Amino acid sequence: MRMYDIIMKKRNGGELSKEEIRFFIDGYTKGEIPDYQVSSLMMAIYFQKMTAAETLELTLAMADSGDKLDLSAINGVKVDKHSTGGVGDKTSLTLTPMVAACGVPVAKMSGRGLGHTGGTIDKLESFPGFSTGISNDTFIKNVNSIGIAIMGQTADLAPADKKLYALRDVTATVDNMSLIASSIMSKKLAAGADAIVLDVKTGSGAFMKTEEDSFALAKEMVTIGKNAGRKMKAVISNMDQPLGNAVGNAIEVREAIETLQGKGPEDFTELCYTLGSQMLVLGGKATDEKEARAKLEEAVKSGKALEKLAQFVKAQGGDDSYVYHPEKLKLAPIEKDILASTDGYIEHIDCDEIGICSLMLGGGRETKESEIDLSVGLLLKKKVGDKVSKGEPIATIYASDEAKVLPVTERFLKAYHFTDKEVEKQTLIKGII
Ligand code: URA
């Protein structure tokens, strides 16, 4: 088989066979096929697209390219959750203890943040002593004993995707539906869960800006998962403004804890219950969404979900007293309000820009090597649909460096758009597939 023939076949609109896909993925992972040939194939795929059969085969070949997590020693149906990422997305911190408290085992691999969207691991490290660098044995033991464990992504999970994604990133071939779906799903399949609930974000702070694209991506991923023998659900949720009010690291952990105490923002709480209900049903712990929601609400009300978070933090070396006293999570010392520059209703927020403000404060990574400041962030006081008066605080900045306050304030204000007409509040859940 020759890579040249595979490129030409795709360039001319042909359908690649299973053998051809395996050949290029194996060869590329081993370094036997050069970047220039694979980038040419990526561009051909970009224009000619892939069939459902090709997309599935690409996913499976990438999932098979490295280590796979064996979760068979864990009792019960293992349900994973994946978010396509967004600003203020602290869902895993609240959702995983909630579902674990209802009996669904959580065995999760999470990543660090890069760019303006944060990572679960960075946020968890706000608990002093907490580590995701646990052995496979400890991971399995903790899931079986307390029902929840989270570890860092091993370097060798779907290495073909890692290489291919880096190549797509510099060759303008990221935004192809089949390539995105196979990239995400290859990592999810290699992470070993029996069932997967996807949170596909849509809007200005999401990878997919339009609802049409978000639904198409969700459908594509659900189809891949089902064809690979996994139980699947996808929730399409709004990311046209940050989720909840907190954006940063420690500040998001505070909000995640408040939500487990039943005092969280409405949109974030709703998302946790919606995703959690799907997880409970797929995990066989509830017969329908209504029963699942009642169980989740009870886990919050009784304090069991909060207790589960404390057990989890402690089991991974963290100080669990912070779970009961979230005010101990340190926020940066310079606290400044951002004031509305006009009267009116908030019509629109450039969501990405709010993430960039957090990044500018030091709360995100510009490159993989960047050190992040867990204490900085923003707390939004007004969101789309809210009425504001000129001079009223719309957000608070938490900064470690005075020099960053003014540029962040200016950028933040440019991201908020006002109108004098009343504006409807945004719908959070756009659909479930
Ligand atoms: N996230 C991924 O993991 N892969 C993509 O291709 C896009 C987003």
# chains A, B, ... in the order shown; residues from 1 in each chain; ligands from 1

call {"tool": "residues_near_ligand", "arguments": {"ligand": "ligand 1", "cutoff": "10 Å", "atoms": "only C-alpha atoms and all ligand atoms", "output": "VMD selection string"}}
result
chain A and resid 83 to 85 161 to 162 164 to 166 168 to 169 173 to 188 207 to 208

call {"tool": "write_last_selection", "arguments": {"atoms": "C-alpha atoms", "output": "compact mmCIF listing (two decimals), in the first residue's frame"}}
result
# COMPACT_ATOMS: atom_id res chain seq x y z
CA SER A 83 -17.57 18.59 27.46
CA THR A 84 -16.39 20.18 24.23
CA GLY A 85 -15.20 23.05 26.42
CA ASP A 161 -4.85 11.81 17.66
CA LYS A 162 -2.32 13.88 19.56
CA LEU A 164 -2.82 14.50 14.05
CA TYR A 165 -4.51 17.26 16.06
CA ALA A 166 -1.22 19.18 16.32
CA ARG A 168 -4.40 19.92 11.82
CA ASP A 169 -3.92 22.91 14.06
CA THR A 173 -7.84 21.44 8.86
CA VAL A 174 -9.31 21.44 12.37
CA ASP A 175 -12.89 22.39 11.55
CA ASN A 176 -14.08 19.34 9.70
CA MET A 177 -16.93 17.51 11.43
CA SER A 178 -15.59 13.98 10.93
CA LEU A 179 -12.09 14.95 12.03
CA ILE A 180 -13.34 16.68 15.18
CA ALA A 181 -15.77 13.90 16.07
CA SER A 182 -13.18 11.15 15.56
CA SER A 183 -10.56 13.10 17.51
CA ILE A 184 -12.78 13.54 20.57
CA MET A 185 -14.29 10.06 20.43
CA SER A 186 -10.96 8.26 19.99
CA LYS A 187 -9.85 9.58 23.38
CA LYS A 188 -13.20 8.77 24.98
CA PHE A 207 -15.81 25.47 19.32
CA MET A 208 -19.02 25.23 17.31

call {"tool": "residues_around", "arguments": {"residues": "Ile140 in chain A", "least_positions_apart": "6", "cutoff": "12 Å", "atoms": "only C-alpha atoms", "output": "list in words"}}
result
Leu69, Asp70, Leu71, Ser72, Ala73, Ile74, Asn75, Lys78, Pro105, Val106, Ala107, Lys108, Ile134, Ile146, Gly147, Ile148, Ala149, Ile150 and Met151 of chain A

call {"tool": "closest_residue", "arguments": {"among": "A:Ser65, A:Thr138, A:Gln153, A:Thr396", "to": "Met109 in chain A", "atoms": "only C-alpha atoms"}}
result
A:Gln153

call {"tool": "residues_around", "arguments": {"residues": "range 275-284 of chain A", "least_positions_apart": "4", "cutoff": "9 Å", "atoms": "only C-alpha atoms", "output": "PDB file with N, CA, C and O atoms, in the first residue's frame"}}
result
ATOM      1  N   GLY A  76     -20.129  -2.241  38.254  1.00  0.00           N
ATOM      2  CA  GLY A  76     -21.200  -1.354  37.770  1.00  0.00           C
ATOM      3  C   GLY A  76     -20.915  -0.788  36.386  1.00  0.00           C
ATOM      4  O   GLY A  76     -19.853  -1.022  35.804  1.00  0.00           O
ATOM      5  N   VAL A  77     -21.907  -0.041  35.890  1.00  0.00           N
ATOM      6  CA  VAL A  77     -21.793   0.566  34.557  1.00  0.00           C
ATOM      7  C   VAL A  77     -20.987   1.854  34.694  1.00  0.00           C
ATOM      8  O   VAL A  77     -21.384   2.764  35.413  1.00  0.00           O
ATOM      9  N   LYS A  78     -19.843   1.916  34.001  1.00  0.00           N
ATOM     10  CA  LYS A  78     -18.992   3.106  34.100  1.00  0.00           C
ATOM     11  C   LYS A  78     -19.470   4.141  33.079  1.00  0.00           C
ATOM     12  O   LYS A  78     -19.494   3.861  31.882  1.00  0.00           O
ATOM     13  N   VAL A  79     -19.849   5.316  33.574  1.00  0.00           N
ATOM     14  CA  VAL A  79     -20.366   6.366  32.696  1.00  0.00           C
ATOM     15  C   VAL A  79     -19.383   7.540  32.706  1.00  0.00           C
ATOM     16  O   VAL A  79     -19.049   8.054  33.760  1.00  0.00           O
ATOM     17  N   ASP A  80     -18.930   7.925  31.535  1.00  0.00           N
ATOM     18  CA  ASP A  80     -18.010   9.059  31.425  1.00  0.00           C
ATOM     19  C   ASP A  80     -18.793  10.265  30.908  1.00  0.00           C
ATOM     20  O   ASP A  80     -19.866  10.122  30.309  1.00  0.00           O
ATOM     21  N   LYS A  81     -18.245  11.440  31.132  1.00  0.00           N
ATOM     22  CA  LYS A  81     -18.885  12.653  30.630  1.00  0.00           C
ATOM     23  C   LYS A  81     -17.791  13.477  29.968  1.00  0.00           C
ATOM     24  O   LYS A  81     -16.658  13.523  30.438  1.00  0.00           O
ATOM     25  N   LEU A  95     -20.730  17.830  38.970  1.00  0.00           N
ATOM     26  CA  LEU A  95     -21.500  16.700  38.444  1.00  0.00           C
ATOM     27  C   LEU A  95     -20.964  15.345  38.920  1.00  0.00           C
ATOM     28  O   LEU A  95     -21.749  14.463  39.279  1.00  0.00           O
ATOM     29  N   THR A  96     -19.648  15.175  38.931  1.00  0.00           N
ATOM     30  CA  THR A  96     -19.124  13.840  39.259  1.00  0.00           C
ATOM     31  C   THR A  96     -19.447  13.425  40.702  1.00  0.00           C
ATOM     32  O   THR A  96     -19.917  12.310  40.911  1.00  0.00           O
ATOM     33  N   MET A  98     -21.972  14.447  42.395  1.00  0.00           N
ATOM     34  CA  MET A  98     -23.433  14.278  42.428  1.00  0.00           C
ATOM     35  C   MET A  98     -23.829  12.882  41.958  1.00  0.00           C
ATOM     36  O   MET A  98     -24.598  12.194  42.610  1.00  0.00           O
ATOM     37  N   VAL A  99     -23.287  12.471  40.802  1.00  0.00           N
ATOM     38  CA  VAL A  99     -23.702  11.167  40.271  1.00  0.00           C
ATOM     39  C   VAL A  99     -23.083  10.025  41.081  1.00  0.00           C
ATOM     40  O   VAL A  99     -23.708   8.980  41.277  1.00  0.00           O
ATOM     41  N   CYS A 102     -25.085   9.090  43.875  1.00  0.00           N
ATOM     42  CA  CYS A 102     -26.280   8.325  43.488  1.00  0.00           C
ATOM     43  C   CYS A 102     -25.912   6.928  42.983  1.00  0.00           C
ATOM     44  O   CYS A 102     -26.744   6.233  42.386  1.00  0.00           O
ATOM     45  N   GLY A 103     -24.672   6.532  43.148  1.00  0.00           N
ATOM     46  CA  GLY A 103     -24.277   5.155  42.840  1.00  0.00           C
ATOM     47  C   GLY A 103     -23.672   4.902  41.475  1.00  0.00           C
ATOM     48  O   GLY A 103     -23.389   3.758  41.124  1.00  0.00           O
ATOM     49  N   VAL A 104     -23.466   5.939  40.660  1.00  0.00           N
ATOM     50  CA  VAL A 104     -22.812   5.728  39.360  1.00  0.00           C
ATOM     51  C   VAL A 104     -21.291   5.866  39.559  1.00  0.00           C
ATOM     52  O   VAL A 104     -20.824   6.917  39.994  1.00  0.00           O
ATOM     53  N   PRO A 105     -20.531   4.788  39.272  1.00  0.00           N
ATOM     54  CA  PRO A 105     -19.081   4.919  39.480  1.00  0.00           C
ATOM     55  C   PRO A 105     -18.441   5.889  38.489  1.00  0.00           C
ATOM     56  O   PRO A 105     -18.707   5.819  37.294  1.00  0.00           O
ATOM     57  N   ASP A 194     -18.312   2.453  29.703  1.00  0.00           N
ATOM     58  CA  ASP A 194     -19.366   1.692  29.009  1.00  0.00           C
ATOM     59  C   ASP A 194     -20.367   2.645  28.367  1.00  0.00           C
ATOM     60  O   ASP A 194     -21.016   2.304  27.386  1.00  0.00           O
ATOM     61  N   ALA A 195     -20.512   3.803  28.972  1.00  0.00           N
ATOM     62  CA  ALA A 195     -21.498   4.777  28.482  1.00  0.00           C
ATOM     63  C   ALA A 195     -20.874   6.168  28.546  1.00  0.00           C
ATOM     64  O   ALA A 195     -20.057   6.442  29.424  1.00  0.00           O
ATOM     65  N   ILE A 196     -21.255   7.022  27.602  1.00  0.00           N
ATOM     66  CA  ILE A 196     -20.655   8.358  27.541  1.00  0.00           C
ATOM     67  C   ILE A 196     -21.760   9.403  27.362  1.00  0.00           C
ATOM     68  O   ILE A 196     -22.623   9.253  26.492  1.00  0.00           O
ATOM     69  N   VAL A 197     -21.718  10.426  28.193  1.00  0.00           N
ATOM     70  CA  VAL A 197     -22.636  11.557  28.025  1.00  0.00           C
ATOM     71  C   VAL A 197     -21.795  12.745  27.559  1.00  0.00           C
ATOM     72  O   VAL A 197     -20.829  13.132  28.215  1.00  0.00           O
ATOM     73  N   LEU A 198     -22.179  13.288  26.409  1.00  0.00           N
ATOM     74  CA  LEU A 198     -21.422  14.414  25.843  1.00  0.00           C
ATOM     75  C   LEU A 198     -22.149  15.718  26.110  1.00  0.00           C
ATOM     76  O   LEU A 198     -23.368  15.788  25.980  1.00  0.00           O
ATOM     77  N   ASP A 199     -21.395  16.726  26.477  1.00  0.00           N
ATOM     78  CA  ASP A 199     -21.959  18.070  26.614  1.00  0.00           C
ATOM     79  C   ASP A 199     -21.365  18.888  25.465  1.00  0.00           C
ATOM     80  O   ASP A 199     -20.219  19.315  25.524  1.00  0.00           O
ATOM     81  N   LYS A 231     -23.014   2.992  25.114  1.00  0.00           N
ATOM     82  CA  LYS A 231     -24.292   3.701  25.263  1.00  0.00           C
ATOM     83  C   LYS A 231     -23.962   5.191  25.203  1.00  0.00           C
ATOM     84  O   LYS A 231     -22.983   5.634  25.828  1.00  0.00           O
ATOM     85  N   MET A 232     -24.756   5.950  24.473  1.00  0.00           N
ATOM     86  CA  MET A 232     -24.425   7.366  24.218  1.00  0.00           C
ATOM     87  C   MET A 232     -25.610   8.311  24.410  1.00  0.00           C
ATOM     88  O   MET A 232     -26.736   7.962  24.063  1.00  0.00           O
ATOM     89  N   LYS A 233     -25.326   9.483  24.899  1.00  0.00           N
ATOM     90  CA  LYS A 233     -26.286  10.593  24.905  1.00  0.00           C
ATOM     91  C   LYS A 233     -25.491  11.873  24.704  1.00  0.00           C
ATOM     92  O   LYS A 233     -24.340  11.975  25.159  1.00  0.00           O
ATOM     93  N   ALA A 234     -26.089  12.843  24.039  1.00  0.00           N
ATOM     94  CA  ALA A 234     -25.424  14.152  23.914  1.00  0.00           C
ATOM     95  C   ALA A 234     -26.418  15.246  24.276  1.00  0.00           C
ATOM     96  O   ALA A 234     -27.580  15.216  23.852  1.00  0.00           O
ATOM     97  N   VAL A 235     -25.962  16.179  25.103  1.00  0.00           N
ATOM     98  CA  VAL A 235     -26.764  17.350  25.467  1.00  0.00           C
ATOM     99  C   VAL A 235     -26.114  18.532  24.741  1.00  0.00           C
ATOM    100  O   VAL A 235     -24.890  18.697  24.801  1.00  0.00           O
ATOM    101  N   GLU A 270     -28.792  23.869  36.519  1.00  0.00           N
ATOM    102  CA  GLU A 270     -29.653  23.177  35.549  1.00  0.00           C
ATOM    103  C   GLU A 270     -28.827  22.234  34.661  1.00  0.00           C
ATOM    104  O   GLU A 270     -29.221  21.107  34.379  1.00  0.00           O
ATOM    105  N   LEU A 271     -27.670  22.712  34.249  1.00  0.00           N
ATOM    106  CA  LEU A 271     -26.833  21.864  33.388  1.00  0.00           C
ATOM    107  C   LEU A 271     -26.385  20.601  34.137  1.00  0.00           C
ATOM    108  O   LEU A 271     -26.411  19.499  33.583  1.00  0.00           O
ATOM    109  N   ASP A 288     -36.008   6.686  34.534  1.00  0.00           N
ATOM    110  CA  ASP A 288     -36.210   7.790  33.590  1.00  0.00           C
ATOM    111  C   ASP A 288     -35.603   9.077  34.144  1.00  0.00           C
ATOM    112  O   ASP A 288     -35.114   9.107  35.282  1.00  0.00           O
ATOM    113  N   GLU A 289     -35.649  10.132  33.326  1.00  0.00           N
ATOM    114  CA  GLU A 289     -34.997  11.392  33.710  1.00  0.00           C
ATOM    115  C   GLU A 289     -35.629  12.026  34.955  1.00  0.00           C
ATOM    116  O   GLU A 289     -34.933  12.646  35.758  1.00  0.00           O
ATOM    117  N   LYS A 290     -36.943  11.835  35.095  1.00  0.00           N
ATOM    118  CA  LYS A 290     -37.645  12.442  36.232  1.00  0.00           C
ATOM    119  C   LYS A 290     -37.136  11.813  37.548  1.00  0.00           C
ATOM    120  O   LYS A 290     -36.805  12.519  38.504  1.00  0.00           O
ATOM    121  N   GLU A 291     -37.085  10.498  37.547  1.00  0.00           N
ATOM    122  CA  GLU A 291     -36.611   9.809  38.754  1.00  0.00           C
ATOM    123  C   GLU A 291     -35.148  10.175  39.026  1.00  0.00           C
ATOM    124  O   GLU A 291     -34.743  10.402  40.169  1.00  0.00           O
ATOM    125  N   ALA A 292     -34.362  10.264  37.949  1.00  0.00           N
ATOM    126  CA  ALA A 292     -32.932  10.581  38.096  1.00  0.00           C
ATOM    127  C   ALA A 292     -32.762  11.961  38.716  1.00  0.00           C
ATOM    128  O   ALA A 292     -31.971  12.150  39.643  1.00  0.00           O
ATOM    129  N   ARG A 293     -33.540  12.897  38.234  1.00  0.00           N
ATOM    130  CA  ARG A 293     -33.417  14.267  38.744  1.00  0.00           C
ATOM    131  C   ARG A 293     -33.778  14.330  40.229  1.00  0.00           C
ATOM    132  O   ARG A 293     -33.109  14.993  41.027  1.00  0.00           O
ATOM    133  N   ALA A 294     -34.829  13.614  40.600  1.00  0.00           N
ATOM    134  CA  ALA A 294     -35.245  13.606  42.018  1.00  0.00           C
ATOM    135  C   ALA A 294     -34.105  13.045  42.876  1.00  0.00           C
ATOM    136  O   ALA A 294     -33.829  13.558  43.960  1.00  0.00           O
ATOM    137  N   LYS A 295     -33.436  12.016  42.379  1.00  0.00           N
ATOM    138  CA  LYS A 295     -32.335  11.418  43.146  1.00  0.00           C
ATOM    139  C   LYS A 295     -31.172  12.390  43.287  1.00  0.00           C
ATOM    140  O   LYS A 295     -30.555  12.508  44.335  1.00  0.00           O
ATOM    141  N   LEU A 296     -30.883  13.099  42.196  1.00  0.00           N
ATOM    142  CA  LEU A 296     -29.771  14.061  42.235  1.00  0.00           C
ATOM    143  C   LEU A 296     -30.098  15.214  43.191  1.00  0.00           C
ATOM    144  O   LEU A 296     -29.250  15.652  43.970  1.00  0.00           O
TER     145      LEU A 296
END

call {"tool": "closest_residue", "arguments": {"among": "A:Leu157, A:Met62, A:Ile7, A:Met221", "to": "Val200 in chain A", "atoms": "only C-alpha atoms"}}
result
A:Met221

call {"tool": "closest_residue", "arguments": {"among": "A:Gln316, A:Ser370, A:Thr210, A:Thr51", "to": "Gly14 in chain A", "atoms": "only C-alpha atoms"}}
result
A:Thr51

call {"tool": "select_by_dssp", "arguments": {"residues": "range 188-287 of chain A", "states": "helix (DSSP H, G or I)", "output": "PyMOL selection string"}}
result
chain A and resi 188-190+211-227+250-260+266-282

call {"tool": "atom_distance", "arguments": {"atom1": "CA of Gly13 in chain A", "atom2": "CA of Met1 in chain A"}}
result
18.4 Å

call {"tool": "residues_around", "arguments": {"residues": "Thr29 in chain A", "least_positions_apart": "5", "cutoff": "12 Å", "atoms": "only C-alpha atoms", "output": "PyMOL selection string"}}
result
chain A and resi 22-24+34-35+38+61-66+156+158-164

call {"tool": "write_last_selection", "arguments": {"atoms": "C-alpha atoms", "output": "PDB file, in the first residue's frame"}}
result
ATOM      1  CA  ARG A  22      -5.281   1.721   9.506  1.00  0.00           C
ATOM      2  CA  PHE A  23      -2.244   1.946   7.222  1.00  0.00           C
ATOM      3  CA  PHE A  24      -1.970   5.715   7.407  1.00  0.00           C
ATOM      4  CA  PRO A  34       5.836  12.194   6.907  1.00  0.00           C
ATOM      5  CA  ASP A  35       3.799  15.211   8.016  1.00  0.00           C
ATOM      6  CA  VAL A  38      -0.647  13.413   6.124  1.00  0.00           C
ATOM      7  CA  ALA A  61      -7.718   3.251  14.550  1.00  0.00           C
ATOM      8  CA  MET A  62      -6.760   6.292  16.657  1.00  0.00           C
ATOM      9  CA  ALA A  63      -8.259   4.749  19.821  1.00  0.00           C
ATOM     10  CA  ASP A  64      -6.171   1.614  19.165  1.00  0.00           C
ATOM     11  CA  SER A  65      -2.960   3.578  18.550  1.00  0.00           C
ATOM     12  CA  GLY A  66      -1.823   3.593  22.210  1.00  0.00           C
ATOM     13  CA  ASP A 156      -0.039   7.423  25.497  1.00  0.00           C
ATOM     14  CA  ALA A 158      -4.679   7.855  21.506  1.00  0.00           C
ATOM     15  CA  PRO A 159      -1.202   9.159  20.495  1.00  0.00           C
ATOM     16  CA  ALA A 160      -2.269   9.180  16.823  1.00  0.00           C
ATOM     17  CA  ASP A 161      -4.852  11.815  17.657  1.00  0.00           C
ATOM     18  CA  LYS A 162      -2.323  13.875  19.564  1.00  0.00           C
ATOM     19  CA  LYS A 163      -0.020  14.001  16.519  1.00  0.00           C
ATOM     20  CA  LEU A 164      -2.819  14.503  14.047  1.00  0.00           C
TER      21      LEU A 164
END

call {"tool": "residues_around", "arguments": {"residues": "Lys201 in chain A", "least_positions_apart": "4", "cutoff": "6 Å", "atoms": "only C-alpha atoms", "output": "ChimeraX atom specification"}}
result
/A:206,236-239

call {"tool": "closest_atom_pairs", "arguments": {"of": "range 390-422 of chain A", "to": "range 336-352 of chain A", "cutoff": "9 Å", "atoms": "only C-alpha atoms", "output": "CSV"}}
result
residue,atom,partner,partner_atom,distance
A:Lys390,CA,A:Thr342,CA,4.3
A:Gly391,CA,A:Leu339,CA,4.9
A:Glu392,CA,A:Leu339,CA,5.2
A:Pro393,CA,A:Leu339,CA,4.3
A:Ile394,CA,A:Leu339,CA,5.7
A:Ala395,CA,A:Ile338,CA,5.3
A:Thr396,CA,A:Asp337,CA,4.3
A:Ile397,CA,A:Lys336,CA,5.2
A:Tyr398,CA,A:Lys336,CA,6.8
A:Ala399,CA,A:Lys336,CA,8.2
A:Val405,CA,A:Lys336,CA,7.7
A:Thr409,CA,A:Ile338,CA,6.3
A:Phe412,CA,A:Ile338,CA,8.2
A:Leu413,CA,A:Ala340,CA,7.7
A:Lys414,CA,A:Asp350,CA,8.4
A:Ala415,CA,A:Asp350,CA,4.8
A:Tyr416,CA,A:Ile349,CA,4.8
A:His417,CA,A:His348,CA,5.2
A:Phe418,CA,A:Ile346,CA,4.6
A:Thr419,CA,A:Tyr345,CA,5.3
A:Asp420,CA,A:Gly344,CA,4.7
A:Lys421,CA,A:Tyr345,CA,6.7
A:Glu422,CA,A:Tyr345,CA,6.1

call {"tool": "write_last_selection", "arguments": {"atoms": "N, CA and C atoms", "output": "PDB file, in the first residue's frame"}}
result
ATOM      1  N   LYS A 390     -26.036  52.733  34.352  1.00  0.00           N
ATOM      2  CA  LYS A 390     -24.665  53.224  34.182  1.00  0.00           C
ATOM      3  C   LYS A 390     -23.978  53.327  35.557  1.00  0.00           C
ATOM      4  N   GLY A 391     -22.751  52.793  35.647  1.00  0.00           N
ATOM      5  CA  GLY A 391     -22.015  52.879  36.907  1.00  0.00           C
ATOM      6  C   GLY A 391     -22.249  51.693  37.835  1.00  0.00           C
ATOM      7  N   GLU A 392     -23.199  50.807  37.466  1.00  0.00           N
ATOM      8  CA  GLU A 392     -23.488  49.637  38.294  1.00  0.00           C
ATOM      9  C   GLU A 392     -22.423  48.556  38.038  1.00  0.00           C
ATOM     10  N   PRO A 393     -21.986  47.825  39.089  1.00  0.00           N
ATOM     11  CA  PRO A 393     -20.995  46.760  38.846  1.00  0.00           C
ATOM     12  C   PRO A 393     -21.589  45.635  38.002  1.00  0.00           C
ATOM     13  N   ILE A 394     -20.883  45.259  36.924  1.00  0.00           N
ATOM     14  CA  ILE A 394     -21.354  44.120  36.128  1.00  0.00           C
ATOM     15  C   ILE A 394     -20.478  42.890  36.385  1.00  0.00           C
ATOM     16  N   ALA A 395     -19.308  43.123  36.996  1.00  0.00           N
ATOM     17  CA  ALA A 395     -18.428  41.992  37.318  1.00  0.00           C
ATOM     18  C   ALA A 395     -17.369  42.462  38.303  1.00  0.00           C
ATOM     19  N   THR A 396     -16.715  41.494  38.967  1.00  0.00           N
ATOM     20  CA  THR A 396     -15.582  41.822  39.835  1.00  0.00           C
ATOM     21  C   THR A 396     -14.353  41.081  39.325  1.00  0.00           C
ATOM     22  N   ILE A 397     -13.245  41.837  39.291  1.00  0.00           N
ATOM     23  CA  ILE A 397     -11.971  41.231  38.877  1.00  0.00           C
ATOM     24  C   ILE A 397     -11.201  40.856  40.134  1.00  0.00           C
ATOM     25  N   TYR A 398     -10.565  39.669  40.115  1.00  0.00           N
ATOM     26  CA  TYR A 398      -9.623  39.288  41.170  1.00  0.00           C
ATOM     27  C   TYR A 398      -8.257  39.164  40.504  1.00  0.00           C
ATOM     28  N   ALA A 399      -7.355  40.099  40.820  1.00  0.00           N
ATOM     29  CA  ALA A 399      -6.056  40.137  40.148  1.00  0.00           C
ATOM     30  C   ALA A 399      -4.910  40.064  41.155  1.00  0.00           C
ATOM     31  N   VAL A 405      -5.221  45.175  35.724  1.00  0.00           N
ATOM     32  CA  VAL A 405      -6.626  45.525  35.960  1.00  0.00           C
ATOM     33  C   VAL A 405      -7.207  46.380  34.828  1.00  0.00           C
ATOM     34  N   THR A 409     -10.138  45.302  32.275  1.00  0.00           N
ATOM     35  CA  THR A 409     -11.409  46.035  32.362  1.00  0.00           C
ATOM     36  C   THR A 409     -11.834  46.514  30.975  1.00  0.00           C
ATOM     37  N   PHE A 412     -12.918  43.566  28.823  1.00  0.00           N
ATOM     38  CA  PHE A 412     -14.184  43.030  29.335  1.00  0.00           C
ATOM     39  C   PHE A 412     -15.346  43.897  28.868  1.00  0.00           C
ATOM     40  N   LEU A 413     -15.198  45.214  29.006  1.00  0.00           N
ATOM     41  CA  LEU A 413     -16.294  46.116  28.638  1.00  0.00           C
ATOM     42  C   LEU A 413     -16.622  46.031  27.146  1.00  0.00           C
ATOM     43  N   LYS A 414     -15.585  45.798  26.337  1.00  0.00           N
ATOM     44  CA  LYS A 414     -15.835  45.674  24.879  1.00  0.00           C
ATOM     45  C   LYS A 414     -16.627  44.402  24.569  1.00  0.00           C
ATOM     46  N   ALA A 415     -16.541  43.407  25.460  1.00  0.00           N
ATOM     47  CA  ALA A 415     -17.227  42.127  25.213  1.00  0.00           C
ATOM     48  C   ALA A 415     -18.707  42.182  25.575  1.00  0.00           C
ATOM     49  N   TYR A 416     -19.103  43.182  26.339  1.00  0.00           N
ATOM     50  CA  TYR A 416     -20.508  43.322  26.735  1.00  0.00           C
ATOM     51  C   TYR A 416     -21.208  44.293  25.790  1.00  0.00           C
ATOM     52  N   HIS A 417     -22.322  43.848  25.207  1.00  0.00           N
ATOM     53  CA  HIS A 417     -23.069  44.702  24.269  1.00  0.00           C
ATOM     54  C   HIS A 417     -24.440  45.032  24.868  1.00  0.00           C
ATOM     55  N   PHE A 418     -24.764  46.304  24.833  1.00  0.00           N
ATOM     56  CA  PHE A 418     -26.007  46.776  25.470  1.00  0.00           C
ATOM     57  C   PHE A 418     -27.015  47.259  24.430  1.00  0.00           C
ATOM     58  N   THR A 419     -28.285  47.213  24.816  1.00  0.00           N
ATOM     59  CA  THR A 419     -29.350  47.770  23.978  1.00  0.00           C
ATOM     60  C   THR A 419     -30.371  48.426  24.908  1.00  0.00           C
ATOM     61  N   ASP A 420     -31.181  49.317  24.364  1.00  0.00           N
ATOM     62  CA  ASP A 420     -32.189  49.898  25.258  1.00  0.00           C
ATOM     63  C   ASP A 420     -33.511  49.132  25.224  1.00  0.00           C
ATOM     64  N   LYS A 421     -33.554  48.078  24.382  1.00  0.00           N
ATOM     65  CA  LYS A 421     -34.791  47.269  24.335  1.00  0.00           C
ATOM     66  C   LYS A 421     -34.646  46.051  25.253  1.00  0.00           C
ATOM     67  N   GLU A 422     -35.776  45.584  25.780  1.00  0.00           N
ATOM     68  CA  GLU A 422     -35.743  44.407  26.642  1.00  0.00           C
ATOM     69  C   GLU A 422     -35.204  43.193  25.886  1.00  0.00           C
TER      70      GLU A 422
END

call {"tool": "select_by_dssp", "arguments": {"residues": "range 71-241 of chain A", "states": "strand (DSSP E or B)", "output": "short mmCIF file (atom, residue, chain, number, x, y, z; two decimals) with C-alpha atoms, in the first residue's frame"}}
result
data_model
loop_
_atom_site.label_atom_id
_atom_site.label_comp_id
_atom_site.auth_asym_id
_atom_site.auth_seq_id
_atom_site.Cartn_x
_atom_site.Cartn_y
_atom_site.Cartn_z
CA VAL A 79 -20.37 6.37 32.70
CA ASP A 80 -18.01 9.06 31.43
CA LYS A 81 -18.88 12.65 30.63
CA HIS A 82 -17.14 14.91 28.16
CA SER A 83 -17.57 18.59 27.46
CA VAL A 106 -16.96 7.79 38.15
CA ALA A 107 -13.60 6.75 36.67
CA LYS A 108 -12.50 9.81 34.79
CA MET A 109 -9.48 11.04 32.93
CA SER A 110 -9.25 14.81 32.73
CA LEU A 114 -4.91 25.39 27.30
CA GLY A 115 -5.85 28.82 25.98
CA THR A 117 -10.85 27.42 28.47
CA ILE A 148 -15.01 8.36 42.30
CA ALA A 149 -11.46 8.98 41.05
CA ILE A 150 -9.98 11.36 38.48
CA MET A 151 -6.58 10.95 36.92
CA GLY A 152 -4.51 13.00 34.49
CA LEU A 157 -3.82 7.65 25.24
CA ALA A 195 -21.50 4.78 28.48
CA ILE A 196 -20.65 8.36 27.54
CA VAL A 197 -22.64 11.56 28.03
CA LEU A 198 -21.42 14.41 25.84
CA ASP A 199 -21.96 18.07 26.61
CA VAL A 200 -21.67 19.74 23.22
CA LYS A 201 -21.40 23.49 23.63
CA THR A 202 -22.80 25.95 21.15
CA LYS A 231 -24.29 3.70 25.26
CA MET A 232 -24.42 7.37 24.22
CA LYS A 233 -26.29 10.59 24.90
CA ALA A 234 -25.42 14.15 23.91
CA VAL A 235 -26.76 17.35 25.47
CA ILE A 236 -26.37 20.50 23.38
CA SER A 237 -25.94 23.44 25.75
CA ASN A 238 -25.54 27.18 25.44
#

call {"tool": "residues_around", "arguments": {"residues": "Glu424 in chain A", "least_positions_apart": "5", "cutoff": "9 Å", "atoms": "only C-alpha atoms", "output": "list in words"}}
result
Glu347, Val384, Gly385 and Asp386 of chain A
